[in-house]
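Novice: Got a structure here, written out as structure tokens. Questions coming.
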2 protein chains.
Amino acid sequence: MDDDRPLFFHVMAYADDADRDVVDMVSGNPDWEPPAALRDGIREFADAPVADYQYPPSEGNAELRAELAERHDVPVERVVVTNGAGEANHLAMACGLEAHAGNEVILTDPVYPYYAGRTELLDAEAVYVPVADDGTLDPADVRAAASDDTALVVACSPNNPTGAVYGEEVKRELTAIAEAHDALFVSDEVYDEFDFSGEFRSALAFDSDNVAVTNSFSKSMGTTGLRVGYAILPEHLVDPARTRHMLTNVAVTAPGQHAALKALRETPDSYYAGTREMLEERISAFCAALDDAGADYIQPRGSFYVLARFDGFPGTLDNTKRLIDEAGVAGMPGEAFGSAREEWMRFALVTPRAAEAADRLAEYF
Amino acid sequence: MDDDRPLFFHVMAYADDADRDVVDMVSGNPDWEPPAALRDGIREFADAPVADYQYPPSEGNAELRAELAERHDVPVERVVVTNGAGEANHLAMACGLEAHAGNEVILTDPVYPYYAGRTELLDAEAVYVPVADDGTLDPADVRAAASDDTALVVACSPNNPTGAVYGEEVKRELTAIAEAHDALFVSDEVYDEFDFSGEFRSALAFDSDNVAVTNSFSKSMGTTGLRVGYAILPEHLVDPARTRHMLTNVAVTAPGQHAALKALRETPDSYYAGTREMLEERISAFCAALDDAGADYIQPRGSFYVLARFDGFPGTLDNTKRLIDEAGVAGMPGEAFGSAREEWMRFALVTPRAAEAADRLAEYF
């Protein structure tokens, strides 16, 4: 990333300023309702005692950590509540780089741009491993790229932006590679509730000291603005991560933690299943229209993004703007996600108008 | 700080576990009500549209920034909303160290321990300038300590833990020292609403490129757990701070920002005046009892802490525990705040039982 400031903001501002109706598929902001219990949790907090308005424990609300530890079957000491998965990834990457040998960070290409930005912020070196055309990651490529200079392997599954789901074998291999090179595998599992393939498995399953798992309620509960997430760290990183967390943020917002805990406890499985179903319908309608438009695309197996390519219309920033002005559809240029998908554009299915957007694309191309 | 983990947690846990009734004066957690509008803001947010539950702008809610910019009479571009003053200080220190020459951080002794911890986290060198017995800071001492190795001067006024208020002339001098050495003066003004001396003046008054001001609603609105604060940065640090903020936290919690904005707009001056008055009464009762106990203490001119020293009873961690067990009063050992006040203890006046605590101390000594 030459530009420190992700392109997101630039494209969103351009779409906002457009003279015409635009279907916004730029950012990963859910448009669906958070769980009722989450709103209830916020409402409850309005009348909470004064003591609840004060610093929560730096490492997070004790009950929230206990609930997360139980769900993930890890000792509660390993759970640190963070300001979203953003801070969880920041902590895991910063502390992993400090504790592990080497200064290289293995990332996939295409990449979630914050990983690339953080690598630069932390004065480390990014090493990109291209994924296959269908979004799958071949661990042999990661093994070939790894060396004793590797400090981190960072991967997100279900994946943003490809929609791929790296299955159990891939994650086991990434863990083994991290173990072989005294590195940390940072497994970002923020889209774990959006697995349509049935193949998602948490990297915690391998019970390795070389794995940190990051997650949040931003996507699973439709509230990227709550800013409550968590890291599950291997033992040797717990103290450094708690210290860094404390000296960066002191603690995570109390009303958000209260609401997240209530929602975690009280939200029925049907909420998550309903969201998944709704997204599968959107994806299916959107992809059908992409077929009509003669576009290439990766069929998402998880998350809620579609990477697509239109013949003779590379996914540059200029063409992204043309698509906003001329077709009324706003996506993200592929260049935001590294060099491997510069021809492509990413569409986030966070609007009930996804099918309409696809029809516009079909008509335009 | 040899120990990365501040002593606060240790002492609080010890007081919690005590077998007897203990008046808790350990941490700076207000015990008074937040403004009604703040609770109303949380309540309102429970029913906000889904879009309000998503990522706020990374640099902060536009209306909140505008409101803060107007109140502080600075261009809105210079305001970054942060996860409390904690993150504001972190950003100012990290970006200041990167942008300014030198690797030394001038701190006062006694010091707020997070400044010392951050200096270490950021691989910089702390240089301590002792304050006078009454808590006042002589800028000549800061000038003598400053050199071209100085990157930051960090000072908090009204001060924690001394209760001193560094007046306009002191802040002007700290600004001039920063300017003379290509350094950044980080002026932590989180206790600005707790000035009993009438001498508080923001460092923004000097309109210098070498000043960053940090603040939050944690103390002024009695809610350290909300985690909404802000940094007002000189122009050259705005972009680096926004980038670092984005790559650390992505954004600040939306319900908290919503509530802070509403409270900022709707809270009458009488709220702040009422809190000040209540604290002045507590301080006066507490200090009168300290007189009875024959203790030395610094008469606070701002904030809500009293540093006190008991003859033949140095403020060690052991004695702090003894005081909990034998007198039923929990303070903080002076060693938490650097080497200059190891004989002292800090008492936070965040309990309606401050006078009772002082009576217990008078009886005990």
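Chain identifiers are assigned as A, B, and so on, following the order in which chains appear in the structure tokens; residues are numbered from 1 within each chain, and ligands are numbered from 1 in order of appearance.
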Counting only C-alpha atoms, which residues from chain B have an atom at most 8 Å from any atom of chain A, and could you show them as a VMD selection string?

Specialist: chain B and resid 4 to 5 29 to 34 39 to 40 42 to 43 45 to 47 50 to 56 83 to 84 86 to 87 90 114 117 to 118 121 222 to 227 243 to 244 247 to 256

Novice: Based on the backbone DSSP call, show me all residues of segment 90-265 of chain A assigned strand (DSSP E or B), as a PyMOL selection string.

Specialist: chain A and resi 104-109+125-130+150-156+184-188+195+211-216+229-232

Novice: Could you pull the residues within 12 Å of His236 of chain A, counting only C-alpha atoms, minus those fewer than 6 positions along the same chain, as a list in words?

Specialist: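 Everything that qualifies: Glu77, Arg78, Ala92, Cys95, Gly96, Glu98, Ala99, His100, Leu184, Ser208, Asp209, Asn210, Val211, Ala212 and Arg242 of chain A.
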
Novice: Would you mind exporting the chosen residues as a PDB file, in the first residue's frame, restricted to N, CA, C and O atoms?

Specialist:
```pdb
ATOM      1  N   GLU A  77      -8.022 -17.057  30.626  1.00  0.00           N
ATOM      2  CA  GLU A  77      -6.839 -16.192  30.639  1.00  0.00           C
ATOM      3  C   GLU A  77      -6.393 -15.827  29.230  1.00  0.00           C
ATOM      4  O   GLU A  77      -5.742 -14.809  29.023  1.00  0.00           O
ATOM      5  N   ARG A  78      -6.711 -16.670  28.268  1.00  0.00           N
ATOM      6  CA  ARG A  78      -6.228 -16.428  26.906  1.00  0.00           C
ATOM      7  C   ARG A  78      -7.088 -15.436  26.131  1.00  0.00           C
ATOM      8  O   ARG A  78      -6.748 -15.050  25.013  1.00  0.00           O
ATOM      9  N   ALA A  92      -2.388  -8.924  17.919  1.00  0.00           N
ATOM     10  CA  ALA A  92      -1.774 -10.208  17.555  1.00  0.00           C
ATOM     11  C   ALA A  92      -0.569  -9.973  16.647  1.00  0.00           C
ATOM     12  O   ALA A  92       0.491 -10.591  16.824  1.00  0.00           O
ATOM     13  N   CYS A  95       2.323  -7.987  18.750  1.00  0.00           N
ATOM     14  CA  CYS A  95       2.966  -8.836  19.769  1.00  0.00           C
ATOM     15  C   CYS A  95       3.612 -10.053  19.123  1.00  0.00           C
ATOM     16  O   CYS A  95       4.664 -10.515  19.578  1.00  0.00           O
ATOM     17  N   GLY A  96       2.994 -10.575  18.081  1.00  0.00           N
ATOM     18  CA  GLY A  96       3.595 -11.705  17.363  1.00  0.00           C
ATOM     19  C   GLY A  96       4.928 -11.318  16.753  1.00  0.00           C
ATOM     20  O   GLY A  96       5.908 -12.067  16.822  1.00  0.00           O
ATOM     21  N   GLU A  98       6.921  -9.029  17.780  1.00  0.00           N
ATOM     22  CA  GLU A  98       7.929  -8.829  18.824  1.00  0.00           C
ATOM     23  C   GLU A  98       8.430 -10.145  19.402  1.00  0.00           C
ATOM     24  O   GLU A  98       9.615 -10.282  19.713  1.00  0.00           O
ATOM     25  N   ALA A  99       7.532 -11.099  19.542  1.00  0.00           N
ATOM     26  CA  ALA A  99       7.899 -12.324  20.258  1.00  0.00           C
ATOM     27  C   ALA A  99       8.513 -13.389  19.359  1.00  0.00           C
ATOM     28  O   ALA A  99       9.214 -14.276  19.844  1.00  0.00           O
ATOM     29  N   HIS A 100       8.243 -13.307  18.074  1.00  0.00           N
ATOM     30  CA  HIS A 100       8.705 -14.371  17.185  1.00  0.00           C
ATOM     31  C   HIS A 100       9.866 -13.897  16.320  1.00  0.00           C
ATOM     32  O   HIS A 100       9.983 -12.709  16.024  1.00  0.00           O
ATOM     33  N   LEU A 184       3.889 -16.900  14.085  1.00  0.00           N
ATOM     34  CA  LEU A 184       2.530 -16.911  14.632  1.00  0.00           C
ATOM     35  C   LEU A 184       1.533 -16.891  13.474  1.00  0.00           C
ATOM     36  O   LEU A 184       1.631 -16.043  12.585  1.00  0.00           O
ATOM     37  N   SER A 208      -2.491 -25.074  19.187  1.00  0.00           N
ATOM     38  CA  SER A 208      -1.070 -24.778  18.974  1.00  0.00           C
ATOM     39  C   SER A 208      -0.668 -23.479  19.647  1.00  0.00           C
ATOM     40  O   SER A 208      -1.435 -22.508  19.650  1.00  0.00           O
ATOM     41  N   ASP A 209       0.546 -23.439  20.158  1.00  0.00           N
ATOM     42  CA  ASP A 209       1.105 -22.214  20.730  1.00  0.00           C
ATOM     43  C   ASP A 209       1.447 -21.194  19.658  1.00  0.00           C
ATOM     44  O   ASP A 209       1.864 -20.079  19.974  1.00  0.00           O
ATOM     45  N   ASN A 210       1.326 -21.585  18.405  1.00  0.00           N
ATOM     46  CA  ASN A 210       1.678 -20.682  17.312  1.00  0.00           C
ATOM     47  C   ASN A 210       0.460 -20.128  16.601  1.00  0.00           C
ATOM     48  O   ASN A 210       0.552 -19.681  15.461  1.00  0.00           O
ATOM     49  N   VAL A 211      -0.681 -20.153  17.285  1.00  0.00           N
ATOM     50  CA  VAL A 211      -1.924 -19.663  16.681  1.00  0.00           C
ATOM     51  C   VAL A 211      -2.569 -18.603  17.570  1.00  0.00           C
ATOM     52  O   VAL A 211      -2.720 -18.813  18.781  1.00  0.00           O
ATOM     53  N   ALA A 212      -2.943 -17.485  16.968  1.00  0.00           N
ATOM     54  CA  ALA A 212      -3.822 -16.504  17.617  1.00  0.00           C
ATOM     55  C   ALA A 212      -5.073 -16.384  16.763  1.00  0.00           C
ATOM     56  O   ALA A 212      -4.976 -16.289  15.534  1.00  0.00           O
ATOM     57  N   ARG A 242      -1.888  -7.962  26.680  1.00  0.00           N
ATOM     58  CA  ARG A 242      -2.637  -7.198  27.684  1.00  0.00           C
ATOM     59  C   ARG A 242      -1.947  -5.874  27.968  1.00  0.00           C
ATOM     60  O   ARG A 242      -2.609  -4.837  28.111  1.00  0.00           O
TER      61      ARG A 242
END
```

Novice: To one decimal place, how far is atom CA of Met332 of chain B from atom CA of Arg346 of chain B in Å?

Specialist: 5.0 Å

Novice: Write down as a PyMOL selection string the residues belonging to segment 125-297 of chain A that are assigned alpha helix (DSSP H) by DSSP computed on the backbone.

Specialist: chain A and resi 139-145+168-180+235-249+254-266+269-292

Novice: What's around Ala348 of chain B at 9 Å? Count only C-alpha atoms, leave out sequence neighbours fewer than 2 positions away in its own chain, and write the answer as a ChimeraX atom specification.

Specialist: /B:24-29,161,304-307,331-332,346,350-351,354

Novice: What does the structure give for the distance between atom CA of Ser303 of chain A and atom CA of Tyr271 of chain A, in Å to one decimal?

Specialist: 16.0 Å
